[in-house]
Amino acid sequence: MNFGSSFGISASALTAQRLRMDVISSNIANAETTRASVVDGKAVPYRRKLVVMESAENNSFSNILNAKMNGSTEGVKVQSIIEDSSPLKPVYNPSHPDADADGYVYMPNVDITKEMVDMLSASRSYEANVTMLNASKAMVSKALEIGK
């Protein structure tokens with residue numbers, strides 16, 4: 001692995017973790033949103049979103065071999081942003097404008113505690129990649145000083 005690929009790997013991870021933090025922020029902001037969209041004339045609550053990441057390289061042997069021979073950069077990429085399929089939370093509140101006939105309002109499936117743990121994880125991963133990027137930069141700088 002050369003220095004250029006280490007910068008590329010860190011950059012791809014920083015981009016992916018930044019998107020993950022943005023999605024988590026959106027989840028937290030919409031934790032009480034009971035009218036996120038309208039489907040068939042009926043208001044639908046917000047559903048928690050999740051970021052799915054994958055390796056940036058194709059995992060067949062020939063593709064990996066060709067990528068290594070050409071010196072291409074691996075890393076991570078965001079495959080998709082999906083909706084969490086866990087059930088919505090029913091809350092009894094008959095005075096709410098979105099309450100059903102039984103008086104229940106279906107709240108988003110966002111758990112603030114879970115979101116904060118995910119945000120902490122994404123933040124730590126981002127910090128680790130910044131540290132790796134700075135270490136690579138320091139190694140390049142020291143290597144250039146040797147050549148003086």
# chains A, B, ... in the order shown; residues from 1 in each chain; ligands from 1
>>> select_by_dssp(residues="chain A", states="strand (DSSP E or B)", output="PyMOL selection string")
chain A and resi 37-39+42-44+49-55+76-83+89-92+104-107
>>> write_last_selection(atoms="N, CA, C and O atoms", output="mmCIF file, in the first residue's frame")
data_model
loop_
_atom_site.group_PDB
_atom_site.id
_atom_site.type_symbol
_atom_site.label_atom_id
_atom_site.label_comp_id
_atom_site.auth_asym_id
_atom_site.auth_seq_id
_atom_site.Cartn_x
_atom_site.Cartn_y
_atom_site.Cartn_z
ATOM 1 N N SER A 37 -44.811 11.902 5.903
ATOM 2 C CA SER A 37 -45.243 11.811 4.507
ATOM 3 C C SER A 37 -46.717 11.426 4.474
ATOM 4 O O SER A 37 -47.301 11.055 5.491
ATOM 5 N N VAL A 38 -47.277 11.513 3.288
ATOM 6 C CA VAL A 38 -48.677 11.140 3.102
ATOM 7 C C VAL A 38 -48.736 9.993 2.107
ATOM 8 O O VAL A 38 -48.192 10.081 1.008
ATOM 9 N N VAL A 39 -49.357 8.885 2.522
ATOM 10 C CA VAL A 39 -49.524 7.717 1.661
ATOM 11 C C VAL A 39 -51.016 7.411 1.577
ATOM 12 O O VAL A 39 -51.670 7.205 2.609
ATOM 13 N N LYS A 42 -53.274 9.452 3.794
ATOM 14 C CA LYS A 42 -53.146 9.291 5.245
ATOM 15 C C LYS A 42 -51.721 9.664 5.669
ATOM 16 O O LYS A 42 -50.754 9.250 5.032
ATOM 17 N N ALA A 43 -51.612 10.439 6.749
ATOM 18 C CA ALA A 43 -50.297 10.837 7.263
ATOM 19 C C ALA A 43 -49.575 9.625 7.830
ATOM 20 O O ALA A 43 -50.160 8.806 8.530
ATOM 21 N N VAL A 44 -48.290 9.516 7.510
ATOM 22 C CA VAL A 44 -47.470 8.394 7.967
ATOM 23 C C VAL A 44 -46.331 8.949 8.825
ATOM 24 O O VAL A 44 -45.663 9.907 8.421
ATOM 25 N N LYS A 49 -33.945 5.989 9.796
ATOM 26 C CA LYS A 49 -33.111 5.671 8.640
ATOM 27 C C LYS A 49 -31.776 5.098 9.121
ATOM 28 O O LYS A 49 -31.269 5.471 10.167
ATOM 29 N N LEU A 50 -31.232 4.180 8.337
ATOM 30 C CA LEU A 50 -29.948 3.549 8.632
ATOM 31 C C LEU A 50 -29.048 3.629 7.407
ATOM 32 O O LEU A 50 -29.521 3.504 6.281
ATOM 33 N N VAL A 51 -27.762 3.804 7.631
ATOM 34 C CA VAL A 51 -26.782 3.852 6.550
ATOM 35 C C VAL A 51 -26.145 2.473 6.410
ATOM 36 O O VAL A 51 -25.686 1.898 7.393
ATOM 37 N N VAL A 52 -26.138 1.949 5.183
ATOM 38 C CA VAL A 52 -25.522 0.656 4.900
ATOM 39 C C VAL A 52 -24.233 0.925 4.129
ATOM 40 O O VAL A 52 -24.258 1.536 3.067
ATOM 41 N N MET A 53 -23.111 0.472 4.701
ATOM 42 C CA MET A 53 -21.804 0.675 4.068
ATOM 43 C C MET A 53 -21.261 -0.648 3.560
ATOM 44 O O MET A 53 -21.628 -1.703 4.063
ATOM 45 N N GLU A 54 -20.388 -0.549 2.568
ATOM 46 C CA GLU A 54 -19.746 -1.739 2.029
ATOM 47 C C GLU A 54 -18.344 -1.375 1.573
ATOM 48 O O GLU A 54 -18.002 -0.199 1.439
ATOM 49 N N SER A 55 -17.564 -2.394 1.301
ATOM 50 C CA SER A 55 -16.223 -2.192 0.771
ATOM 51 C C SER A 55 -16.328 -1.541 -0.600
ATOM 52 O O SER A 55 -17.203 -1.878 -1.398
ATOM 53 N N VAL A 76 -14.194 2.481 1.775
ATOM 54 C CA VAL A 76 -15.570 2.172 2.104
ATOM 55 C C VAL A 76 -16.474 3.108 1.308
ATOM 56 O O VAL A 76 -16.073 4.203 0.948
ATOM 57 N N LYS A 77 -17.668 2.638 1.012
ATOM 58 C CA LYS A 77 -18.646 3.498 0.356
ATOM 59 C C LYS A 77 -20.011 3.199 0.945
ATOM 60 O O LYS A 77 -20.251 2.142 1.510
ATOM 61 N N VAL A 78 -20.893 4.169 0.806
ATOM 62 C CA VAL A 78 -22.257 4.000 1.279
ATOM 63 C C VAL A 78 -23.029 3.290 0.194
ATOM 64 O O VAL A 78 -23.137 3.773 -0.932
ATOM 65 N N GLN A 79 -23.537 2.109 0.528
ATOM 66 C CA GLN A 79 -24.316 1.337 -0.432
ATOM 67 C C GLN A 79 -25.715 1.927 -0.568
ATOM 68 O O GLN A 79 -26.212 2.115 -1.662
ATOM 69 N N SER A 80 -26.349 2.211 0.571
ATOM 70 C CA SER A 80 -27.702 2.768 0.540
ATOM 71 C C SER A 80 -28.086 3.323 1.903
ATOM 72 O O SER A 80 -27.410 3.077 2.900
ATOM 73 N N ILE A 81 -29.168 4.053 1.904
ATOM 74 C CA ILE A 81 -29.798 4.510 3.149
ATOM 75 C C ILE A 81 -31.164 3.842 3.166
ATOM 76 O O ILE A 81 -31.967 4.038 2.256
ATOM 77 N N ILE A 82 -31.390 3.025 4.193
ATOM 78 C CA ILE A 82 -32.631 2.252 4.265
ATOM 79 C C ILE A 82 -33.480 2.702 5.452
ATOM 80 O O ILE A 82 -32.979 3.346 6.371
ATOM 81 N N GLU A 83 -34.754 2.351 5.403
ATOM 82 C CA GLU A 83 -35.645 2.612 6.529
ATOM 83 C C GLU A 83 -35.654 1.415 7.461
ATOM 84 O O GLU A 83 -35.696 0.271 7.004
ATOM 85 N N LYS A 89 -44.156 3.089 17.478
ATOM 86 C CA LYS A 89 -44.533 3.038 18.888
ATOM 87 C C LYS A 89 -45.934 3.622 19.086
ATOM 88 O O LYS A 89 -46.134 4.816 18.866
ATOM 89 N N PRO A 90 -46.896 2.790 19.507
ATOM 90 C CA PRO A 90 -48.232 3.349 19.778
ATOM 91 C C PRO A 90 -48.256 4.054 21.143
ATOM 92 O O PRO A 90 -47.768 3.523 22.139
ATOM 93 N N VAL A 91 -48.797 5.258 21.146
ATOM 94 C CA VAL A 91 -48.921 6.044 22.376
ATOM 95 C C VAL A 91 -50.389 6.460 22.504
ATOM 96 O O VAL A 91 -50.966 6.998 21.557
ATOM 97 N N TYR A 92 -50.953 6.205 23.664
ATOM 98 C CA TYR A 92 -52.356 6.556 23.874
ATOM 99 C C TYR A 92 -52.480 8.051 24.136
ATOM 100 O O TYR A 92 -51.976 8.578 25.130
ATOM 101 N N TYR A 104 -55.003 5.952 19.789
ATOM 102 C CA TYR A 104 -53.558 5.751 19.736
ATOM 103 C C TYR A 104 -52.926 6.570 18.610
ATOM 104 O O TYR A 104 -53.456 6.643 17.500
ATOM 105 N N VAL A 105 -51.786 7.159 18.935
ATOM 106 C CA VAL A 105 -50.979 7.872 17.949
ATOM 107 C C VAL A 105 -49.736 7.015 17.727
ATOM 108 O O VAL A 105 -49.099 6.571 18.693
ATOM 109 N N TYR A 106 -49.414 6.770 16.478
ATOM 110 C CA TYR A 106 -48.214 5.979 16.171
ATOM 111 C C TYR A 106 -47.034 6.921 15.991
ATOM 112 O O TYR A 106 -47.019 7.743 15.087
ATOM 113 N N MET A 107 -46.081 6.790 16.923
ATOM 114 C CA MET A 107 -44.895 7.642 16.939
ATOM 115 C C MET A 107 -43.761 6.965 16.174
ATOM 116 O O MET A 107 -43.745 5.743 16.022
#
>>> residues_around(residues="region 118-133 of chain A", least_positions_apart="6", cutoff="10 Å", atoms="only C-alpha atoms", output="list in words")
Phe3, Ser6, Phe7, Gly8, Ile9, Ser10, Ala11, Ser12, Ala13, Leu14, Thr15, Ala16, Gln17, Arg18, Leu19, Arg20, Met21, Asp22, Val23, Ile24, Ser25, Ile112 and Met139 of chain A
>>> residues_around(residues="Glu32 (chain A)", least_positions_apart="3", cutoff="9 Å", atoms="only C-alpha atoms", output="short mmCIF file (atom, residue, chain, number, x, y, z; two decimals) with all heavy atoms, in the first residue's frame")
data_model
loop_
_atom_site.label_atom_id
_atom_site.label_comp_id
_atom_site.auth_asym_id
_atom_site.auth_seq_id
_atom_site.Cartn_x
_atom_site.Cartn_y
_atom_site.Cartn_z
N ILE A 28 -32.78 12.00 14.96
CA ILE A 28 -33.03 12.68 16.23
C ILE A 28 -33.99 13.85 16.03
O ILE A 28 -34.92 14.05 16.83
CB ILE A 28 -31.70 13.14 16.87
CG1 ILE A 28 -30.88 11.92 17.30
CG2 ILE A 28 -31.95 14.06 18.05
CD1 ILE A 28 -29.46 12.23 17.72
N ALA A 29 -33.80 14.60 14.96
CA ALA A 29 -34.66 15.76 14.69
C ALA A 29 -36.11 15.35 14.43
O ALA A 29 -37.04 16.11 14.73
CB ALA A 29 -34.12 16.55 13.51
N PRO A 45 -46.08 8.36 10.01
CA PRO A 45 -44.99 8.83 10.86
C PRO A 45 -43.62 8.60 10.22
O PRO A 45 -43.45 7.75 9.34
CB PRO A 45 -45.12 7.98 12.14
CG PRO A 45 -46.49 7.41 12.09
CD PRO A 45 -46.85 7.30 10.65
N TYR A 46 -42.65 9.35 10.72
CA TYR A 46 -41.27 9.21 10.28
C TYR A 46 -40.75 7.83 10.66
O TYR A 46 -41.08 7.31 11.72
CB TYR A 46 -40.41 10.30 10.94
CG TYR A 46 -38.95 10.24 10.60
CD1 TYR A 46 -38.48 10.83 9.43
CD2 TYR A 46 -38.04 9.63 11.44
CE1 TYR A 46 -37.13 10.79 9.11
CE2 TYR A 46 -36.69 9.58 11.12
CZ TYR A 46 -36.25 10.17 9.95
OH TYR A 46 -34.91 10.13 9.63
N MET A 107 -46.08 6.79 16.92
CA MET A 107 -44.90 7.64 16.94
C MET A 107 -43.76 6.97 16.17
O MET A 107 -43.75 5.74 16.02
CB MET A 107 -44.46 7.91 18.38
CG MET A 107 -45.53 8.60 19.22
SD MET A 107 -46.02 10.20 18.58
CE MET A 107 -44.61 11.17 19.00
N PRO A 108 -42.79 7.75 15.71
CA PRO A 108 -41.66 7.17 14.98
C PRO A 108 -40.92 6.12 15.79
O PRO A 108 -40.93 6.13 17.02
CB PRO A 108 -40.77 8.38 14.71
CG PRO A 108 -41.69 9.55 14.73
CD PRO A 108 -42.73 9.20 15.76
N VAL A 110 -37.92 5.81 16.46
CA VAL A 110 -36.61 6.39 16.79
C VAL A 110 -36.44 6.35 18.30
O VAL A 110 -37.25 6.88 19.04
CB VAL A 110 -36.50 7.84 16.28
CG1 VAL A 110 -35.19 8.46 16.71
CG2 VAL A 110 -36.66 7.89 14.77
#
>>> select_by_dssp(residues="chain A", states="helix (DSSP H, G or I)", output="number ranges by chain")
A: 3-29, 61-70, 112-146
>>> atom_distance(atom1="CA of Ser85 (chain A)", atom2="CA of Ala56 (chain A)")
26.0 Å
>>> atom_distance(atom1="CA of Thr113 (chain A)", atom2="CA of Asp84 (chain A)")
15.7 Å
>>> atom_distance(atom1="CA of Asn27 (chain A)", atom2="CA of Arg47 (chain A)")
8.1 Å
>>> decode(residues="region 131-148 of chain A", atoms="N, CA, C and O atoms", output="compact mmCIF listing (two decimals), in the first residue's frame")
# COMPACT_ATOMS: atom_id res chain seq x y z
N THR A 131 -7.18 10.78 12.69
CA THR A 131 -5.89 10.44 13.30
C THR A 131 -5.02 9.66 12.32
O THR A 131 -3.82 9.93 12.19
N MET A 132 -5.62 8.71 11.61
CA MET A 132 -4.87 7.94 10.62
C MET A 132 -4.39 8.82 9.48
O MET A 132 -3.26 8.70 9.00
N LEU A 133 -5.22 9.75 9.05
CA LEU A 133 -4.85 10.69 7.99
C LEU A 133 -3.69 11.57 8.44
O LEU A 133 -2.72 11.78 7.70
N ASN A 134 -3.74 12.05 9.67
CA ASN A 134 -2.65 12.88 10.20
C ASN A 134 -1.37 12.07 10.36
O ASN A 134 -0.27 12.59 10.12
N ALA A 135 -1.47 10.82 10.76
CA ALA A 135 -0.28 9.97 10.89
C ALA A 135 0.35 9.73 9.53
O ALA A 135 1.58 9.78 9.39
N SER A 136 -0.47 9.48 8.52
CA SER A 136 0.06 9.30 7.16
C SER A 136 0.74 10.57 6.67
O SER A 136 1.80 10.52 6.05
N LYS A 137 0.12 11.69 6.95
CA LYS A 137 0.70 12.98 6.55
C LYS A 137 2.05 13.20 7.24
O LYS A 137 3.01 13.66 6.61
N ALA A 138 2.14 12.85 8.52
CA ALA A 138 3.39 13.00 9.26
C ALA A 138 4.47 12.08 8.69
O ALA A 138 5.65 12.47 8.59
N MET A 139 4.09 10.86 8.29
CA MET A 139 5.06 9.93 7.70
C MET A 139 5.60 10.47 6.38
O MET A 139 6.79 10.38 6.10
N VAL A 140 4.72 11.03 5.57
CA VAL A 140 5.16 11.61 4.29
C VAL A 140 6.09 12.78 4.55
O VAL A 140 7.14 12.92 3.90
N SER A 141 5.76 13.60 5.52
CA SER A 141 6.60 14.74 5.85
C SER A 141 7.99 14.30 6.33
O SER A 141 9.01 14.85 5.91
N LYS A 142 8.05 13.29 7.17
CA LYS A 142 9.34 12.77 7.67
C LYS A 142 10.14 12.14 6.53
O LYS A 142 11.37 12.28 6.48
N ALA A 143 9.44 11.46 5.63
CA ALA A 143 10.14 10.85 4.49
C ALA A 143 10.76 11.93 3.59
O ALA A 143 11.86 11.75 3.08
N LEU A 144 10.07 13.04 3.43
CA LEU A 144 10.61 14.13 2.63
C LEU A 144 11.79 14.81 3.32
O LEU A 144 12.71 15.27 2.65
N GLU A 145 11.76 14.85 4.66
CA GLU A 145 12.87 15.43 5.39
C GLU A 145 14.13 14.57 5.25
O GLU A 145 15.24 15.11 5.24
N ILE A 146 13.97 13.26 5.15
CA ILE A 146 15.12 12.36 4.98
C ILE A 146 15.82 12.65 3.66
O ILE A 146 17.04 12.62 3.57
N GLY A 147 15.05 13.01 2.65
CA GLY A 147 15.61 13.26 1.33
C GLY A 147 16.35 14.59 1.23
O GLY A 147 17.01 14.86 0.21
N LYS A 148 16.33 15.43 2.22
CA LYS A 148 17.03 16.72 2.15
C LYS A 148 18.52 16.56 2.24
O LYS A 148 19.12 15.79 2.81
